[in-house]
>>> print(open('query-v4.txt').read())   # compact mmCIF, C-alpha atoms and all ligand atoms
# COMPACT_ATOMS: atom_id res chain seq x y z
CA MET A 1 23.15 -115.83 60.70
CA SER A 2 20.98 -115.14 57.72
CA ALA A 3 19.98 -118.26 55.78
CA THR A 4 21.08 -116.70 52.51
CA LYS A 5 24.68 -116.60 53.70
CA GLN A 6 25.17 -120.17 52.50
CA PHE A 7 25.03 -118.77 48.95
CA PHE A 8 28.02 -116.46 49.28
CA PRO A 9 30.88 -118.05 47.34
CA ASN A 10 34.20 -118.87 48.92
CA THR A 11 37.48 -117.75 47.43
CA TYR A 12 37.89 -117.13 43.71
CA ARG A 13 41.23 -118.29 42.38
CA ASN A 14 41.07 -118.39 38.65
CA PHE A 15 39.61 -115.78 36.26
CA PRO A 16 39.25 -117.14 32.71
CA SER A 17 39.79 -114.33 30.16
CA HIS A 18 36.81 -115.24 27.99
CA GLY A 19 34.60 -118.11 26.95
CA LYS A 20 31.02 -119.27 26.53
CA ILE A 21 28.59 -121.57 28.33
CA THR A 22 25.24 -122.88 27.08
CA TYR A 23 22.36 -124.26 29.13
CA GLN A 24 18.93 -125.47 28.17
CA ALA A 25 16.27 -125.07 30.87
CA PRO A 26 12.63 -126.13 30.78
CA SER A 27 9.40 -124.35 31.54
CA ASN A 28 7.17 -125.78 34.27
CA ILE A 29 3.46 -126.01 35.04
CA ALA A 30 2.33 -125.64 38.65
CA LEU A 31 -0.10 -128.18 40.13
CA VAL A 32 -0.31 -126.27 43.42
CA LYS A 33 0.10 -122.60 42.53
CA TYR A 34 2.39 -119.85 43.76
CA TRP A 35 0.35 -116.65 43.86
CA GLY A 36 1.44 -114.08 46.44
CA LYS A 37 4.96 -113.17 47.53
CA TYR A 38 6.81 -111.06 50.08
CA GLY A 39 10.32 -109.77 50.83
CA GLU A 40 12.89 -110.62 48.20
CA GLN A 41 10.91 -113.01 46.00
CA LEU A 42 9.73 -115.27 48.82
CA PRO A 43 6.50 -117.23 48.34
CA LYS A 44 3.49 -116.89 50.64
CA ASN A 45 2.84 -120.60 50.19
CA ALA A 46 4.69 -123.66 48.95
CA SER A 47 4.00 -124.81 45.38
CA ILE A 48 4.71 -127.89 43.28
CA SER A 49 5.06 -128.25 39.51
CA PHE A 50 5.73 -130.65 36.70
CA THR A 51 8.89 -129.72 34.89
CA LEU A 52 8.17 -129.67 31.15
CA ASP A 53 10.28 -131.10 28.36
CA ALA A 54 9.50 -129.66 24.91
CA CYS A 55 8.97 -126.09 26.15
CA HIS A 56 12.40 -124.77 27.03
CA THR A 57 14.83 -121.88 26.66
CA GLN A 58 18.38 -122.25 25.40
CA THR A 59 20.81 -119.59 26.55
CA LYS A 60 24.40 -119.09 25.49
CA LEU A 61 26.41 -116.81 27.76
CA HIS A 62 29.52 -115.21 26.23
CA PHE A 63 31.86 -113.68 28.80
CA LYS A 64 34.97 -111.53 28.50
CA ARG A 65 37.13 -110.13 31.31
CA LYS A 66 37.10 -106.33 31.73
CA ASP A 67 38.47 -103.70 34.15
CA SER A 68 35.69 -101.12 34.47
CA GLU A 69 33.42 -100.94 37.53
CA ASP A 70 30.07 -101.14 35.77
CA TYR A 71 27.75 -103.72 34.24
CA ARG A 72 28.08 -104.51 30.52
CA ILE A 73 25.31 -106.78 29.34
CA GLU A 74 23.83 -107.21 25.91
CA VAL A 75 20.83 -109.46 25.33
CA GLN A 76 19.94 -111.07 22.02
CA MET A 77 16.88 -113.15 21.24
CA ASP A 78 16.86 -115.36 18.15
CA GLY A 79 19.93 -113.50 16.91
CA LYS A 80 18.55 -109.97 17.34
CA ARG A 81 19.38 -107.48 20.06
CA VAL A 82 16.41 -106.91 22.39
CA PRO A 83 17.12 -103.66 24.30
CA ASN A 84 13.77 -103.86 26.10
CA PHE A 85 14.90 -107.10 27.85
CA GLU A 86 18.12 -105.52 29.10
CA PRO A 87 16.74 -103.54 32.10
CA LYS A 88 15.15 -106.72 33.48
CA ILE A 89 18.41 -108.63 33.11
CA LEU A 90 20.36 -105.75 34.64
CA LYS A 91 18.01 -105.75 37.64
CA PHE A 92 18.56 -109.49 37.96
CA PHE A 93 22.36 -109.03 37.93
CA GLU A 94 22.11 -106.32 40.60
CA ARG A 95 19.97 -108.54 42.75
CA ILE A 96 22.26 -111.57 42.56
CA GLU A 97 25.55 -109.65 42.80
CA PRO A 98 25.98 -110.22 46.55
CA TYR A 99 26.01 -113.97 45.77
CA MET A 100 28.15 -113.62 42.63
CA PRO A 101 30.64 -110.82 43.27
CA PHE A 102 32.49 -111.45 39.99
CA LEU A 103 29.73 -110.07 37.75
CA LYS A 104 31.32 -106.66 37.20
CA ASP A 105 34.63 -108.29 36.26
CA TYR A 106 33.14 -109.46 32.96
CA GLU A 107 31.17 -108.16 30.03
CA PHE A 108 28.40 -110.44 28.88
CA LEU A 109 26.48 -111.27 25.76
CA VAL A 110 23.37 -113.30 26.53
CA GLU A 111 22.06 -115.13 23.45
CA THR A 112 18.72 -116.73 24.08
CA SER A 113 15.98 -118.54 22.18
CA ASN A 114 12.80 -120.36 23.15
CA SER A 115 11.54 -123.64 21.70
CA PHE A 116 8.01 -122.23 21.81
CA PRO A 117 6.97 -119.25 19.70
CA HIS A 118 7.31 -115.83 21.33
CA SER A 119 3.67 -115.09 20.56
CA SER A 120 2.36 -118.30 22.15
CA GLY A 121 1.39 -116.66 25.42
CA ILE A 122 3.66 -119.10 27.27
CA ALA A 123 5.76 -117.22 29.81
CA SER A 124 9.47 -117.64 29.20
CA SER A 125 10.54 -116.13 32.52
CA ALA A 126 10.83 -119.48 34.35
CA SER A 127 12.88 -121.26 31.68
CA GLY A 128 14.79 -118.07 30.75
CA MET A 129 15.85 -117.13 34.27
CA SER A 130 16.76 -120.71 35.08
CA ALA A 131 18.95 -121.05 31.97
CA LEU A 132 20.71 -117.74 32.66
CA ALA A 133 21.26 -118.54 36.35
CA LEU A 134 22.80 -121.89 35.36
CA CYS A 135 25.16 -120.28 32.83
CA LEU A 136 26.35 -117.72 35.41
CA LEU A 137 26.79 -120.38 38.05
CA ALA A 138 28.77 -122.58 35.67
CA LEU A 139 31.09 -119.60 35.12
CA GLU A 140 31.42 -119.06 38.87
CA GLN A 141 32.26 -122.75 39.18
CA GLN A 142 35.32 -122.11 36.97
CA LEU A 143 36.44 -119.26 39.26
CA LEU A 144 36.20 -121.13 42.52
CA ASP A 145 39.06 -122.49 44.52
CA GLN A 146 36.79 -125.28 45.73
CA PRO A 147 34.02 -126.13 43.27
CA TYR A 148 30.42 -126.74 44.31
CA SER A 149 29.18 -130.29 44.74
CA GLU A 150 26.35 -131.32 42.40
CA GLU A 151 23.86 -130.77 45.23
CA GLU A 152 25.20 -127.32 46.10
CA PHE A 153 25.24 -126.37 42.42
CA LYS A 154 21.57 -127.23 41.86
CA ARG A 155 20.53 -125.51 45.06
CA LYS A 156 22.34 -122.28 44.25
CA ALA A 157 21.09 -122.37 40.63
CA SER A 158 17.51 -122.55 41.87
CA PHE A 159 18.18 -119.87 44.51
CA LEU A 160 19.51 -117.47 41.84
CA ALA A 161 16.78 -118.30 39.32
CA ARG A 162 14.17 -117.52 42.00
CA LEU A 163 15.60 -114.04 42.37
CA GLY A 164 14.87 -113.53 38.65
CA SER A 165 11.36 -115.02 38.70
CA GLY A 166 9.74 -117.02 41.49
CA SER A 167 8.54 -119.94 39.38
CA ALA A 168 12.04 -120.22 37.82
CA ALA A 169 13.13 -121.80 41.12
CA ARG A 170 11.20 -124.87 39.91
CA SER A 171 12.88 -125.05 36.48
CA VAL A 172 16.25 -126.58 37.35
CA GLU A 173 15.28 -130.20 38.11
CA GLY A 174 12.40 -132.55 37.30
CA PRO A 175 9.91 -134.14 36.99
CA LEU A 176 8.26 -132.80 40.19
CA VAL A 177 9.71 -129.84 42.06
CA VAL A 178 8.59 -128.17 45.28
CA TRP A 179 9.40 -124.56 46.10
CA GLY A 180 8.45 -123.07 49.47
CA MET A 181 8.69 -124.37 53.01
CA HIS A 182 6.15 -127.08 53.74
CA GLU A 183 6.09 -128.92 57.04
CA HIS A 184 5.52 -132.34 55.44
CA ILE A 185 8.24 -132.03 52.81
CA VAL A 186 11.72 -132.71 54.11
CA GLY A 187 14.28 -130.20 52.86
CA SER A 188 11.73 -127.80 51.35
CA SER A 189 12.65 -124.13 51.49
CA ASP A 190 11.35 -120.68 50.59
CA LEU A 191 14.80 -119.90 49.19
CA TYR A 192 15.05 -122.53 46.44
CA GLY A 193 13.22 -125.37 44.74
CA THR A 194 13.98 -129.04 45.39
CA LYS A 195 13.04 -132.24 43.68
CA LEU A 196 10.17 -133.88 45.57
CA PRO A 197 12.14 -136.06 47.99
CA TYR A 198 9.82 -139.10 47.81
CA SER A 199 9.45 -141.85 45.29
CA VAL A 200 6.56 -140.96 43.06
CA HIS A 201 4.17 -143.36 41.30
CA LYS A 202 5.51 -144.22 37.85
CA ILE A 203 2.43 -142.81 36.13
CA PHE A 204 3.73 -139.30 36.93
CA GLY A 205 7.19 -139.90 35.43
CA ASN A 206 5.95 -139.23 31.89
CA PHE A 207 2.64 -137.46 32.50
CA GLN A 208 1.41 -135.65 29.38
CA ASP A 209 0.60 -131.94 29.07
CA THR A 210 -1.00 -130.57 25.92
CA ILE A 211 -1.04 -126.78 26.01
CA LEU A 212 -4.03 -125.32 24.20
CA LEU A 213 -3.14 -121.84 22.96
CA VAL A 214 -6.48 -120.12 23.40
CA GLU A 215 -5.00 -116.68 23.27
CA THR A 216 -1.59 -115.76 21.96
CA GLY A 217 0.38 -112.57 22.49
CA GLN A 218 1.36 -110.50 25.52
CA LYS A 219 0.00 -111.38 28.95
CA GLU A 220 -2.85 -109.09 30.06
CA VAL A 221 -1.65 -108.89 33.65
CA SER A 222 2.01 -109.23 34.55
CA SER A 223 2.69 -111.74 37.29
CA THR A 224 4.25 -109.01 39.45
CA VAL A 225 0.99 -107.05 39.36
CA GLY A 226 -0.94 -110.24 40.08
CA HIS A 227 1.21 -111.23 43.06
CA ASN A 228 0.90 -107.70 44.46
CA LEU A 229 -2.89 -107.86 44.35
CA MET A 230 -2.69 -110.53 47.04
CA HIS A 231 -1.39 -107.96 49.57
CA GLN A 232 -4.80 -106.33 50.04
CA HIS A 233 -6.87 -109.34 49.08
CA PRO A 234 -9.76 -110.23 51.44
CA TYR A 235 -9.27 -113.98 50.83
CA ALA A 236 -5.46 -113.98 50.89
CA GLU A 237 -4.86 -115.82 54.16
CA THR A 238 -7.50 -118.45 53.35
CA ARG A 239 -5.95 -118.94 49.93
CA PHE A 240 -2.44 -119.48 51.36
CA ARG A 241 -3.86 -122.05 53.81
CA GLN A 242 -5.78 -123.77 51.02
CA ALA A 243 -2.63 -124.09 48.90
CA CYS A 244 -0.75 -125.51 51.88
CA ASP A 245 -3.56 -128.04 52.54
CA ASN A 246 -3.71 -128.99 48.86
CA LEU A 247 0.02 -129.72 48.90
CA THR A 248 -0.41 -131.83 52.05
CA LYS A 249 -3.08 -133.84 50.21
CA MET A 250 -1.00 -134.03 47.04
CA ILE A 251 1.96 -135.87 48.61
CA PRO A 252 0.20 -139.24 49.23
CA VAL A 253 -1.56 -138.87 45.86
CA LEU A 254 1.76 -138.58 44.04
CA LYS A 255 3.04 -141.63 45.89
CA SER A 256 -0.04 -143.79 45.24
CA GLY A 257 -1.02 -142.64 41.75
CA ASP A 258 -4.63 -141.96 42.83
CA LEU A 259 -5.69 -140.02 39.74
CA GLU A 260 -9.16 -139.14 40.97
CA ALA A 261 -7.72 -137.35 43.95
CA PHE A 262 -5.04 -135.79 41.72
CA ILE A 263 -7.68 -134.34 39.39
CA LYS A 264 -9.63 -132.85 42.30
CA ILE A 265 -6.60 -131.03 43.69
CA VAL A 266 -5.23 -129.83 40.34
CA GLU A 267 -8.52 -128.39 39.07
CA ASN A 268 -9.30 -126.85 42.45
CA GLU A 269 -5.93 -125.06 42.35
CA ALA A 270 -6.45 -123.77 38.80
CA LEU A 271 -9.89 -122.40 39.56
CA SER A 272 -8.79 -120.96 42.92
CA LEU A 273 -5.96 -119.07 41.22
CA HIS A 274 -8.46 -117.47 38.86
CA ALA A 275 -10.92 -116.89 41.72
CA MET A 276 -8.22 -114.73 43.35
CA MET A 277 -8.02 -112.60 40.21
CA LEU A 278 -11.80 -112.39 39.84
CA THR A 279 -12.13 -111.10 43.40
CA SER A 280 -9.16 -108.72 43.56
CA ASP A 281 -9.30 -104.94 43.32
CA PRO A 282 -8.95 -104.20 40.44
CA ALA A 283 -10.44 -107.44 39.16
CA PHE A 284 -9.08 -109.46 36.25
CA ILE A 285 -10.92 -111.97 34.09
CA LEU A 286 -8.16 -113.81 32.28
CA MET A 287 -10.22 -116.76 31.12
CA LYS A 288 -11.85 -116.34 27.72
CA PRO A 289 -15.14 -117.86 26.53
CA ASN A 290 -13.06 -120.52 24.77
CA THR A 291 -11.26 -121.35 28.03
CA LEU A 292 -14.62 -122.10 29.66
CA GLU A 293 -15.83 -124.04 26.63
CA ILE A 294 -12.74 -126.24 26.83
CA ILE A 295 -13.19 -126.83 30.58
CA HIS A 296 -16.81 -127.91 30.09
CA ARG A 297 -15.86 -130.27 27.27
CA ILE A 298 -13.11 -131.82 29.40
CA TRP A 299 -15.63 -132.41 32.18
CA SER A 300 -18.15 -134.01 29.78
CA PHE A 301 -15.50 -136.22 28.17
CA ARG A 302 -14.35 -137.41 31.59
CA LYS A 303 -17.90 -138.16 32.66
CA GLU A 304 -18.74 -140.02 29.47
CA THR A 305 -15.56 -142.05 29.06
CA GLY A 306 -14.03 -142.37 32.54
CA SER A 307 -10.81 -140.85 31.18
CA LYS A 308 -8.41 -139.45 33.79
CA LEU A 309 -7.57 -136.23 31.96
CA CYS A 310 -7.84 -132.90 33.75
CA PHE A 311 -6.94 -129.27 33.19
CA THR A 312 -4.89 -126.59 34.81
CA LEU A 313 -4.43 -122.89 34.04
CA ASP A 314 -1.71 -120.30 34.38
CA ALA A 315 -2.36 -116.60 34.81
CA GLY A 316 -3.88 -116.44 31.32
CA ALA A 317 -6.45 -117.96 28.98
CA ASN A 318 -4.43 -120.98 27.79
CA VAL A 319 -5.41 -124.43 29.07
CA HIS A 320 -2.98 -127.19 30.02
CA VAL A 321 -4.59 -130.60 29.51
CA LEU A 322 -2.91 -133.16 31.77
CA TYR A 323 -3.28 -136.93 31.26
CA PRO A 324 -1.42 -140.22 31.79
CA ALA A 325 0.76 -141.44 28.88
CA LYS A 326 -1.32 -144.60 28.49
CA GLU A 327 -4.28 -142.41 27.44
CA LYS A 328 -2.24 -140.49 24.88
CA MET A 329 -4.03 -141.74 21.75
CA ALA A 330 -7.56 -141.39 23.10
CA VAL A 331 -6.99 -137.96 24.63
CA GLN A 332 -5.17 -136.54 21.61
CA ASP A 333 -8.00 -137.77 19.35
CA PHE A 334 -10.47 -136.02 21.64
CA ILE A 335 -8.37 -132.84 21.60
CA ASP A 336 -8.23 -132.84 17.79
CA ALA A 337 -11.91 -133.56 17.42
CA GLU A 338 -13.31 -131.25 20.10
CA LEU A 339 -10.82 -128.85 21.67
CA ARG A 340 -8.49 -127.68 18.91
CA GLN A 341 -11.29 -125.59 17.36
CA PHE A 342 -11.12 -123.30 20.44
CA CYS A 343 -7.39 -122.59 20.04
CA ALA A 344 -6.09 -119.51 18.23
CA ASP A 345 -5.41 -120.72 14.65
CA GLY A 346 -5.80 -124.27 15.98
CA ARG A 347 -2.47 -124.02 17.78
CA LEU A 348 -1.37 -126.34 20.57
CA ILE A 349 1.84 -127.83 21.96
CA HIS A 350 2.20 -131.46 23.05
CA ASP A 351 4.56 -131.68 25.99
CA GLN A 352 5.25 -133.99 28.94
CA ALA A 353 6.99 -134.14 32.30
CA GLY A 354 10.73 -133.71 31.88
CA GLN A 355 13.96 -134.20 33.80
CA GLY A 356 15.18 -130.61 34.17
CA ALA A 357 17.91 -128.36 32.81
CA ARG A 358 21.09 -129.55 31.08
CA LEU A 359 24.42 -128.25 29.93
CA VAL A 360 24.56 -128.12 26.12
C1 LIG B 1 0.35 -118.31 37.99
O1 LIG B 1 6.98 -116.77 38.73
O2 LIG B 1 5.85 -115.53 36.87
O3 LIG B 1 2.31 -119.20 37.01
O4 LIG B 1 7.97 -114.22 40.76
O5 LIG B 1 6.81 -112.24 39.79
O6 LIG B 1 8.30 -113.64 38.35
P1 LIG B 1 7.35 -113.59 39.53
O7 LIG B 1 6.08 -114.46 39.13
P2 LIG B 1 5.94 -115.80 38.32
O8 LIG B 1 4.50 -116.28 38.84
C2 LIG B 1 3.95 -117.48 38.40
C3 LIG B 1 2.55 -117.60 38.81
C4 LIG B 1 1.77 -118.77 38.24
C5 LIG B 1 1.70 -119.92 39.23
C6 LIG B 1 2.93 -120.77 39.39
O9 LIG B 1 3.71 -120.94 38.44
O10 LIG B 1 3.09 -121.32 40.49
>>> encode(input="query-v4.txt", output="structure tokens")
Amino acid sequence: MSATKQFFPNTYRNFPSHGKITYQAPSNIALVKYWGKYGEQLPKNASISFTLDACHTQTKLHFKRKDSEDYRIEVQMDGKRVPNFEPKILKFFERIEPYMPFLKDYEFLVETSNSFPHSSGIASSASGMSALALCLLALEQQLLDQPYSEEEFKRKASFLARLGSGSAARSVEGPLVVWGMHEHIVGSSDLYGTKLPYSVHKIFGNFQDTILLVETGQKEVSSTVGHNLMHQHPYAETRFRQACDNLTKMIPVLKSGDLEAFIKIVENEALSLHAMMLTSDPAFILMKPNTLEIIHRIWSFRKETGSKLCFTLDAGANVHVLYPAKEKMAVQDFIDAELRQFCADGRLIHDQAGQGARLV
């Protein structure tokens, strides 16, 4: 029996004629990165991320019963129709239809907005797909003869979100979520994300993340293109093993709160992700001179002061500065004095580890 069979719903009993459901779902920042996928959005290695708090998407799903045998979906962002988003959402609906066979019984209006500016260079696919998956699942919950348990609900939400965007699997719960099968993490799966099933040192409960917006605007390389470059990549297998080993090392670090070891793993992951892009064919250099300047200044500050701040990167030029809450004042002073000058128009976002998505 295929493992995905668990996500087929049982009998529908009740079909509400119309209504609306709103969810808010957070973005996340990976500590051990997902870069390389196969099959239907399955990861080549397990990853772990901090769920964020301030950076989120809010999605209101309006639904109305219909008779026709086609999809009817309109997408609005910040109150305006965005036709160029609609094919992506349609593809998502087609992909999840086997697990949600009611989709063609309704017409939908998806109203969405992000807490972070559209031009910030922060990807909204994780928070956006998670919020939409949760809205659809909450509607399915109303249809079901036997509703999902809380556990089943979260699992299916993450499973569906993953089919929209891989990293969205990690945007349902918080503050630390694993996605991808890992032999040392009980309950981990390639199909969905799960909250790290161990008690984590309290320092990580409210870890800080200041996002330095080095470059704003559209991403230079889409993540789909990036993931695909791993298929022919000479270092691919070594990279997947490295990520797996880094996650193995990360588990005791998260339990003990050993920040020196944490910093080593997190920065190694960020630089390894970019090393994959630098050595792919075609090659991509997504870091900018200001990204490197920031990294060097973080290293000097750490050396001079003994601070436990570190950095991580996404597939772009922006820098996430991670640090414990007790260093908030000192690190934010340092950021204002030394790092903000390297951000586009001085822009940055202060965020921290969050608890996951919620019904609004
Ligand atoms: C560098 O989840 O955006 O942020 O599955 O194609 O939608 P798709 O890719 P996406 O890839 C994220 C890559 C990353 C690392 C990470 O978040 O783990």
>>> residues_around(input="query-v4.txt", residues="A:Glu327", least_positions_apart="2", cutoff="10 Å", atoms="all atoms listed in the file", output="list in words")
Phe207, Gln208, Ser307, Lys308, Leu309, Tyr323, Pro324, Ala325, Met329, Ala330, Val331 and Gln332 of chain A
>>> closest_atom_pairs(input="query-v4.txt", of="chain A", to="ligand LIG 1 (chain B)", cutoff="7 Å", atoms="only C-alpha atoms and all ligand atoms", output="JSON lines")
{"residue": "A:Ile29", "atom": "CA", "partner": "B:LIG1", "partner_atom": "O9", "distance": 6.1}
{"residue": "A:Ala30", "atom": "CA", "partner": "B:LIG1", "partner_atom": "O10", "distance": 4.8}
{"residue": "A:Val32", "atom": "CA", "partner": "B:LIG1", "partner_atom": "O10", "distance": 6.7}
{"residue": "A:Lys33", "atom": "CA", "partner": "B:LIG1", "partner_atom": "O10", "distance": 3.8}
{"residue": "A:Tyr34", "atom": "CA", "partner": "B:LIG1", "partner_atom": "O10", "distance": 3.7}
{"residue": "A:Trp35", "atom": "CA", "partner": "B:LIG1", "partner_atom": "C3", "distance": 5.6}
{"residue": "A:Gln41", "atom": "CA", "partner": "B:LIG1", "partner_atom": "O4", "distance": 6.1}
{"residue": "A:Ser47", "atom": "CA", "partner": "B:LIG1", "partner_atom": "O10", "distance": 6.1}
{"residue": "A:Ser125", "atom": "CA", "partner": "B:LIG1", "partner_atom": "O2", "distance": 6.4}
{"residue": "A:Ala126", "atom": "CA", "partner": "B:LIG1", "partner_atom": "O1", "distance": 6.4}
{"residue": "A:Gly164", "atom": "CA", "partner": "B:LIG1", "partner_atom": "O6", "distance": 6.6}
{"residue": "A:Ser165", "atom": "CA", "partner": "B:LIG1", "partner_atom": "O6", "distance": 3.4}
{"residue": "A:Gly166", "atom": "CA", "partner": "B:LIG1", "partner_atom": "O4", "distance": 3.4}
{"residue": "A:Ser167", "atom": "CA", "partner": "B:LIG1", "partner_atom": "O1", "distance": 3.6}
{"residue": "A:Ala168", "atom": "CA", "partner": "B:LIG1", "partner_atom": "O1", "distance": 6.2}
{"residue": "A:Ser223", "atom": "CA", "partner": "B:LIG1", "partner_atom": "O7", "distance": 4.7}
{"residue": "A:Thr224", "atom": "CA", "partner": "B:LIG1", "partner_atom": "O5", "distance": 4.1}
{"residue": "A:His227", "atom": "CA", "partner": "B:LIG1", "partner_atom": "O5", "distance": 6.6}
{"residue": "A:Asp314", "atom": "CA", "partner": "B:LIG1", "partner_atom": "C1", "distance": 4.6}
{"residue": "A:Ala315", "atom": "CA", "partner": "B:LIG1", "partner_atom": "C1", "distance": 4.5}
>>> write_last_selection(input="query-v4.txt", atoms="C-alpha atoms", output="PDB file, in the coordinates of the input")
ATOM      1  CA  ILE A  29       3.460-126.010  35.040  1.00  0.00           C
ATOM      2  CA  ALA A  30       2.330-125.640  38.650  1.00  0.00           C
ATOM      3  CA  VAL A  32      -0.310-126.270  43.420  1.00  0.00           C
ATOM      4  CA  LYS A  33       0.100-122.600  42.530  1.00  0.00           C
ATOM      5  CA  TYR A  34       2.390-119.850  43.760  1.00  0.00           C
ATOM      6  CA  TRP A  35       0.350-116.650  43.860  1.00  0.00           C
ATOM      7  CA  GLN A  41      10.910-113.010  46.000  1.00  0.00           C
ATOM      8  CA  SER A  47       4.000-124.810  45.380  1.00  0.00           C
ATOM      9  CA  SER A 125      10.540-116.130  32.520  1.00  0.00           C
ATOM     10  CA  ALA A 126      10.830-119.480  34.350  1.00  0.00           C
ATOM     11  CA  GLY A 164      14.870-113.530  38.650  1.00  0.00           C
ATOM     12  CA  SER A 165      11.360-115.020  38.700  1.00  0.00           C
ATOM     13  CA  GLY A 166       9.740-117.020  41.490  1.00  0.00           C
ATOM     14  CA  SER A 167       8.540-119.940  39.380  1.00  0.00           C
ATOM     15  CA  ALA A 168      12.040-120.220  37.820  1.00  0.00           C
ATOM     16  CA  SER A 223       2.690-111.740  37.290  1.00  0.00           C
ATOM     17  CA  THR A 224       4.250-109.010  39.450  1.00  0.00           C
ATOM     18  CA  HIS A 227       1.210-111.230  43.060  1.00  0.00           C
ATOM     19  CA  ASP A 314      -1.710-120.300  34.380  1.00  0.00           C
ATOM     20  CA  ALA A 315      -2.360-116.600  34.810  1.00  0.00           C
TER      21      ALA A 315
END
>>> atom_distance(input="query-v4.txt", atom1="atom CA of A:Thr291", atom2="atom CA of A:Thr312")
10.7 Å
>>> atom_distance(input="query-v4.txt", atom1="atom CA of A:Asn10", atom2="atom CA of A:Asp105")
16.5 Å
>>> residues_around(input="query-v4.txt", residues="A:Ser189", least_positions_apart="4", cutoff="12 Å", atoms="only C-alpha atoms", output="JSON, numbers by chain")
{"A": [3, 4, 42, 43, 44, 45, 46, 47, 155, 158, 159, 162, 169, 170, 177, 178, 179, 180, 181, 182, 183, 184, 185, 193, 194, 195, 196]}
>>> residues_around(input="query-v4.txt", residues="stretch 128-142 of chain A", least_positions_apart="4", cutoff="8 Å", atoms="all atoms listed in the file", output="ChimeraX atom specification")
/A:14-16,21-25,57-61,100,102,112,124,147-148,153,156-158,160-162,164-165,168-169,171-172,357
>>> residues_around(input="query-v4.txt", residues="A:Pro83", least_positions_apart="6", cutoff="12 Å", atoms="only C-alpha atoms", output="number ranges by chain")
A: 73-77, 89-90, 110
>>> write_last_selection(input="query-v4.txt", atoms="C-alpha atoms", output="PDB file, keeping the file's coordinate frame")
ATOM      1  CA  ILE A  73      25.310-106.780  29.340  1.00  0.00           C
ATOM      2  CA  GLU A  74      23.830-107.210  25.910  1.00  0.00           C
ATOM      3  CA  VAL A  75      20.830-109.460  25.330  1.00  0.00           C
ATOM      4  CA  GLN A  76      19.940-111.070  22.020  1.00  0.00           C
ATOM      5  CA  MET A  77      16.880-113.150  21.240  1.00  0.00           C
ATOM      6  CA  ILE A  89      18.410-108.630  33.110  1.00  0.00           C
ATOM      7  CA  LEU A  90      20.360-105.750  34.640  1.00  0.00           C
ATOM      8  CA  VAL A 110      23.370-113.300  26.530  1.00  0.00           C
TER       9      VAL A 110
END
>>> atom_distance(input="query-v4.txt", atom1="atom CA of A:Glu97", atom2="atom CA of A:Pro26")
24.1 Å
>>> residues_around(input="query-v4.txt", residues="A:His350", least_positions_apart="5", cutoff="9 Å", atoms="all atoms listed in the file", output="PyMOL selection string")
chain A and resi 54+208-212
>>> closest_residue(input="query-v4.txt", among="A:Ile294, A:Met277, A:Leu313, A:Leu322", to="A:Arg340", atoms="only C-alpha atoms")
A:Ile294
>>> closest_residue(input="query-v4.txt", among="A:Gly217, A:Pro234, A:Pro98, A:Gly356", to="A:Gly121", atoms="all atoms listed in the file")
A:Gly217
>>> closest_residue(input="query-v4.txt", among="A:Ala353, A:Val82, A:Ser127, A:His296", to="A:Lys202", atoms="only C-alpha atoms")
A:Ala353
>>> residues_near_point(input="query-v4.txt", point="(25.4, -109.3, 37.9)", cutoff="6 Å", atoms="only C-alpha atoms", output="number ranges by chain")
A: 93-94, 97, 103
>>> residues_near_point(input="query-v4.txt", point="(30.1, -99.0, 33.4)", cutoff="12 Å", atoms="only C-alpha atoms", output="PyMOL selection string")
chain A and resi 66-73+90+103-107
>>> closest_residue(input="query-v4.txt", among="A:Gln355, A:Gln146, A:Ser199, A:Gln6", to="A:Asn28", atoms="all atoms listed in the file")
A:Gln355
>>> closest_residue(input="query-v4.txt", among="A:Cys310, A:Phe8, A:Arg81, A:Gly19", to="A:Tyr99", atoms="only C-alpha atoms")
A:Phe8
>>> closest_residue(input="query-v4.txt", among="A:Asn318, A:Glu237, A:Gly354, A:Glu40", to="A:Leu191", atoms="all atoms listed in the file")
A:Glu40
